[in-house]
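K.L.:
Have a look at the structure that comes next, please.
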Amino acid sequence: MGTSGDLGNSAPKKVLVVSPHPDDIDFGVAGTVAQMVKAGASVVYCIVTDGDAGQGPDGTRRERIAELRRSEQLAAARAVGVDDVRFLGLPDGRLEPTLELRCAITRAIREVRPDLTILPSHEWRWDRFFTNHPDHHAVGLAGLYAVYPDARTAHAHPELLAEGLEPHVVEQVWVWDHPAPNHYVDITDALDLKLDALRAHDSQTGGFEDLDGMVRRWAQVAADNGGLPAGRLAESFLLRRTG
């Protein structure tokens, strides 16, 4: 079953969350982020694409969708206490785990120097088919390679070293949407903040008939799987230490 419950004294101090699109963080881990911020962690978001292939108001040009979704992500981040959001601006829907993407995520790691990096899963899930977006898989795999070996290897991307970005060892990786999670964070007290963050993505979530109910059901399933007490809510991860 793995570990579960409150973050407590084990809360990380500096966290980098790498997301393929605006809103992925908020569906996947916003409750955990809110709990981490409450516990005193410094959290930075790295959003790989601007989500310009996503839906927008009828007739909206693609570049306008990107601008709208960046604005929504900034508002969602503020809802859970995050004020450092970095957009890489790579093409939505066309990501692959290339050296370019690995270098971009490595740059973020060396700049932020987190002790924890949170990533989407790169593994296929048949039980939650909608999680299998190729951008998620690309960012998940490239992110793992950025954590190891790229970020900690001095000459992995020599252009970064030339810019003064020294190697950095990330101590832990947490992977969300993984088919075999082993770590569960109690987000019961942060559910309202998670929902506030999701509502900030109105272009994507405004059409949901029962957003609150859907998110609560997902969190109840995670809490049950993690063995939390009845009535609690959770988000789940695969946790791995890199040492």
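Here's how to read the names in the structure tokens: chain A, B, ... by the order shown, residue numbers from 1 in each chain, ligand numbers from 1 in the order shown.
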Residues near Val33 (chain A), anyone? I mean within 12 Å using only C-alpha atoms, not counting same-chain ones fewer than 2 positions away, as a PyMOL selection string.

P.N.:
chain A and resi 7+11-17+25-31+35-45+76-82+116-118+185-187+190-191+193-194+197+235

K.L.:
Skip Leu99 (chain A) itself and residues of its chain fewer than 5 positions away, then list as a list in words all residues within 12 Å of it, counting only C-alpha atoms.

P.N.:
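Contacts, in chain order: Ala104, Ile105, Thr106, Arg107, Ala138, Val139, Leu141, Ala142, Gly143, Tyr145, Ala146, Asp150, Ala156 and His157 of chain A.
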
K.L.:
Output N, CA and C atoms for every residue in that selection, as a short mmCIF file (atom, residue, chain, number, x, y, z; two decimals), in the first residue's frame.

P.N.:
data_model
loop_
_atom_site.label_atom_id
_atom_site.label_comp_id
_atom_site.auth_asym_id
_atom_site.auth_seq_id
_atom_site.Cartn_x
_atom_site.Cartn_y
_atom_site.Cartn_z
N ALA A 104 15.36 21.47 -21.65
CA ALA A 104 14.48 22.51 -21.11
C ALA A 104 14.08 22.20 -19.67
N ILE A 105 13.76 20.93 -19.38
CA ILE A 105 13.38 20.56 -18.02
C ILE A 105 14.61 20.56 -17.11
N THR A 106 15.75 20.13 -17.63
CA THR A 106 16.99 20.19 -16.86
C THR A 106 17.32 21.62 -16.47
N ARG A 107 17.11 22.55 -17.41
CA ARG A 107 17.34 23.97 -17.10
C ARG A 107 16.48 24.40 -15.91
N ALA A 138 5.40 12.10 -22.89
CA ALA A 138 6.67 12.70 -23.30
C ALA A 138 7.29 13.49 -22.16
N VAL A 139 6.48 14.29 -21.47
CA VAL A 139 7.00 15.09 -20.36
C VAL A 139 7.41 14.19 -19.21
N LEU A 141 8.55 11.06 -19.30
CA LEU A 141 9.80 10.36 -19.59
C LEU A 141 10.97 11.34 -19.67
N ALA A 142 10.78 12.45 -20.38
CA ALA A 142 11.86 13.44 -20.47
C ALA A 142 12.19 14.00 -19.10
N GLY A 143 11.16 14.17 -18.25
CA GLY A 143 11.39 14.67 -16.90
C GLY A 143 12.22 13.72 -16.06
N TYR A 145 14.42 11.58 -17.23
CA TYR A 145 15.79 11.68 -17.74
C TYR A 145 16.45 12.99 -17.33
N ALA A 146 15.66 14.04 -17.19
CA ALA A 146 16.22 15.31 -16.72
C ALA A 146 16.67 15.20 -15.27
N ASP A 150 20.55 13.84 -16.35
CA ASP A 150 20.94 15.14 -16.91
C ASP A 150 21.22 16.22 -15.88
N ALA A 156 26.12 17.02 -19.19
CA ALA A 156 24.99 16.46 -19.92
C ALA A 156 24.49 17.44 -20.98
N HIS A 157 24.38 18.70 -20.62
CA HIS A 157 23.98 19.76 -21.55
C HIS A 157 24.98 20.89 -21.36
#

K.L.:
Leaving out Leu95 (chain A) and any residue of its chain fewer than 2 positions from it, which residues lie within 10 Å of it when counting only C-alpha atoms, given as a PyMOL selection string?

P.N.:
chain A and resi 20+48-49+90-93+97-98+101+134-139+142

K.L.:
Would you output that residue set with N, CA, C and O atoms, as a CSV table (one decimal), in the first residue's frame?

P.N.:
chain,number,residue,atom,x,y,z
A,20,PRO,N,2.6,19.1,-18.5
A,20,PRO,CA,2.5,19.3,-20.0
A,20,PRO,C,1.7,20.5,-20.4
A,20,PRO,O,2.1,21.2,-21.4
A,48,VAL,N,5.0,23.1,-19.7
A,48,VAL,CA,5.8,22.9,-20.9
A,48,VAL,C,5.1,23.5,-22.2
A,48,VAL,O,5.8,24.1,-23.0
A,49,THR,N,3.8,23.4,-22.3
A,49,THR,CA,3.1,24.0,-23.4
A,49,THR,C,2.1,25.0,-22.9
A,49,THR,O,1.8,25.1,-21.7
A,90,LEU,N,6.5,25.3,-25.6
A,90,LEU,CA,6.7,24.3,-26.6
A,90,LEU,C,5.3,23.9,-27.2
A,90,LEU,O,4.3,24.2,-26.6
A,91,PRO,N,5.3,23.3,-28.4
A,91,PRO,CA,4.0,23.1,-29.2
A,91,PRO,C,3.1,22.1,-28.5
A,91,PRO,O,3.5,20.9,-28.3
A,92,ASP,N,1.9,22.5,-28.2
A,92,ASP,CA,0.9,21.6,-27.6
A,92,ASP,C,0.5,20.5,-28.6
A,92,ASP,O,0.2,20.7,-29.8
A,93,GLY,N,0.5,19.3,-28.1
A,93,GLY,CA,0.1,18.1,-28.9
A,93,GLY,C,1.2,17.5,-29.7
A,93,GLY,O,1.0,16.5,-30.4
A,97,PRO,N,9.9,13.0,-26.2
A,97,PRO,CA,11.0,13.0,-25.1
A,97,PRO,C,12.4,13.2,-25.8
A,97,PRO,O,13.2,12.4,-25.6
A,98,THR,N,12.5,14.4,-26.4
A,98,THR,CA,13.7,14.7,-27.2
A,98,THR,C,14.8,15.3,-26.3
A,98,THR,O,14.5,15.7,-25.1
A,101,LEU,N,13.7,18.7,-25.2
A,101,LEU,CA,12.8,18.8,-24.0
A,101,LEU,C,13.5,18.4,-22.7
A,101,LEU,O,13.3,19.0,-21.7
A,134,PRO,N,-0.3,11.9,-25.3
A,134,PRO,CA,1.2,11.7,-25.7
A,134,PRO,C,2.0,12.8,-25.1
A,134,PRO,O,3.2,12.5,-24.7
A,135,ASP,N,1.5,14.0,-24.9
A,135,ASP,CA,2.3,15.1,-24.2
A,135,ASP,C,2.6,14.7,-22.8
A,135,ASP,O,3.7,15.0,-22.3
A,136,HIS,N,1.7,14.0,-22.1
A,136,HIS,CA,1.9,13.6,-20.7
A,136,HIS,C,3.1,12.6,-20.7
A,136,HIS,O,4.0,12.7,-19.8
A,137,HIS,N,3.0,11.6,-21.6
A,137,HIS,CA,4.0,10.6,-21.6
A,137,HIS,C,5.4,11.2,-21.9
A,137,HIS,O,6.4,10.8,-21.4
A,138,ALA,N,5.4,12.1,-22.9
A,138,ALA,CA,6.7,12.7,-23.3
A,138,ALA,C,7.3,13.5,-22.2
A,138,ALA,O,8.5,13.4,-21.9
A,139,VAL,N,6.5,14.3,-21.5
A,139,VAL,CA,7.0,15.1,-20.4
A,139,VAL,C,7.4,14.2,-19.2
A,139,VAL,O,8.4,14.4,-18.6
A,142,ALA,N,10.8,12.5,-20.4
A,142,ALA,CA,11.9,13.4,-20.5
A,142,ALA,C,12.2,14.0,-19.1
A,142,ALA,O,13.4,14.3,-18.8

K.L.:
Leaving out region 209-219 of chain A and any residue of its chain fewer than 4 positions from it, which residues lie within 7 Å of it when counting only C-alpha atoms, given as a list in words?

P.N.:
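So, after excluding close chain neighbours, the residues are Leu195, Ala223, Leu233, Ala234 and Glu235 of chain A.
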
K.L.:
With C-alpha atoms retained, export the selected residues as a PDB file, in the first residue's frame.

P.N.:
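As a result, selection05.pdb now contains:
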ATOM      1  CA  LEU A 195     -11.574  23.170  -6.789  1.00  0.00           C
ATOM      2  CA  ALA A 223      -7.972   7.707  -0.209  1.00  0.00           C
ATOM      3  CA  LEU A 233      -9.716  12.456   0.452  1.00  0.00           C
ATOM      4  CA  ALA A 234      -6.345  11.946  -1.220  1.00  0.00           C
ATOM      5  CA  GLU A 235      -4.105  12.326  -4.243  1.00  0.00           C
TER       6      GLU A 235
END

K.L.:
With only C-alpha atoms as the counted atoms, please give the residues lying no more than 8 Å from Arg113 (chain A), apart from itself and same-chain residues fewer than 4 positions off, as a list in words.

P.N.:
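In the requested format, the answer is Lys14, Ile109, His168, Val169 and Val170 of chain A.
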
K.L.:
Emit the selected residues as a PDB file, in the first residue's frame, including N, CA and C atoms.

P.N.:
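The resulting file, result_28.pdb, is shown below:
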ATOM      1  N   LYS A  14      11.587  22.567  -1.121  1.00  0.00           N
ATOM      2  CA  LYS A  14      11.572  23.209  -2.435  1.00  0.00           C
ATOM      3  C   LYS A  14      11.095  22.191  -3.453  1.00  0.00           C
ATOM      4  N   ILE A 109      15.220  22.524 -13.553  1.00  0.00           N
ATOM      5  CA  ILE A 109      15.707  21.879 -12.331  1.00  0.00           C
ATOM      6  C   ILE A 109      16.941  22.599 -11.793  1.00  0.00           C
ATOM      7  N   HIS A 168      22.678  19.635 -10.247  1.00  0.00           N
ATOM      8  CA  HIS A 168      21.856  19.569  -9.040  1.00  0.00           C
ATOM      9  C   HIS A 168      21.250  18.178  -8.927  1.00  0.00           C
ATOM     10  N   VAL A 169      21.271  17.625  -7.714  1.00  0.00           N
ATOM     11  CA  VAL A 169      20.690  16.307  -7.445  1.00  0.00           C
ATOM     12  C   VAL A 169      19.300  16.487  -6.836  1.00  0.00           C
ATOM     13  N   VAL A 170      18.280  15.999  -7.532  1.00  0.00           N
ATOM     14  CA  VAL A 170      16.916  15.958  -7.004  1.00  0.00           C
ATOM     15  C   VAL A 170      16.792  14.720  -6.128  1.00  0.00           C
TER      16      VAL A 170
END

K.L.:
Considering only alpha helix (DSSP H) as DSSP defines it on the backbone, what residues of region 24-179 of chain A qualify? List them as a ChimeraX atom specification.

P.N.:
/A:24-28,30-38,62-79,99-112,134-145,158-162

K.L.:
Kindly indicate which residue among A:Arg240, A:Arg152, A:His201, A:His133 lies nearest to Pro181 (chain A), using only C-alpha atoms for the distances.

P.N.:
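Under the stated criterion, the closest residue is A:Arg240.
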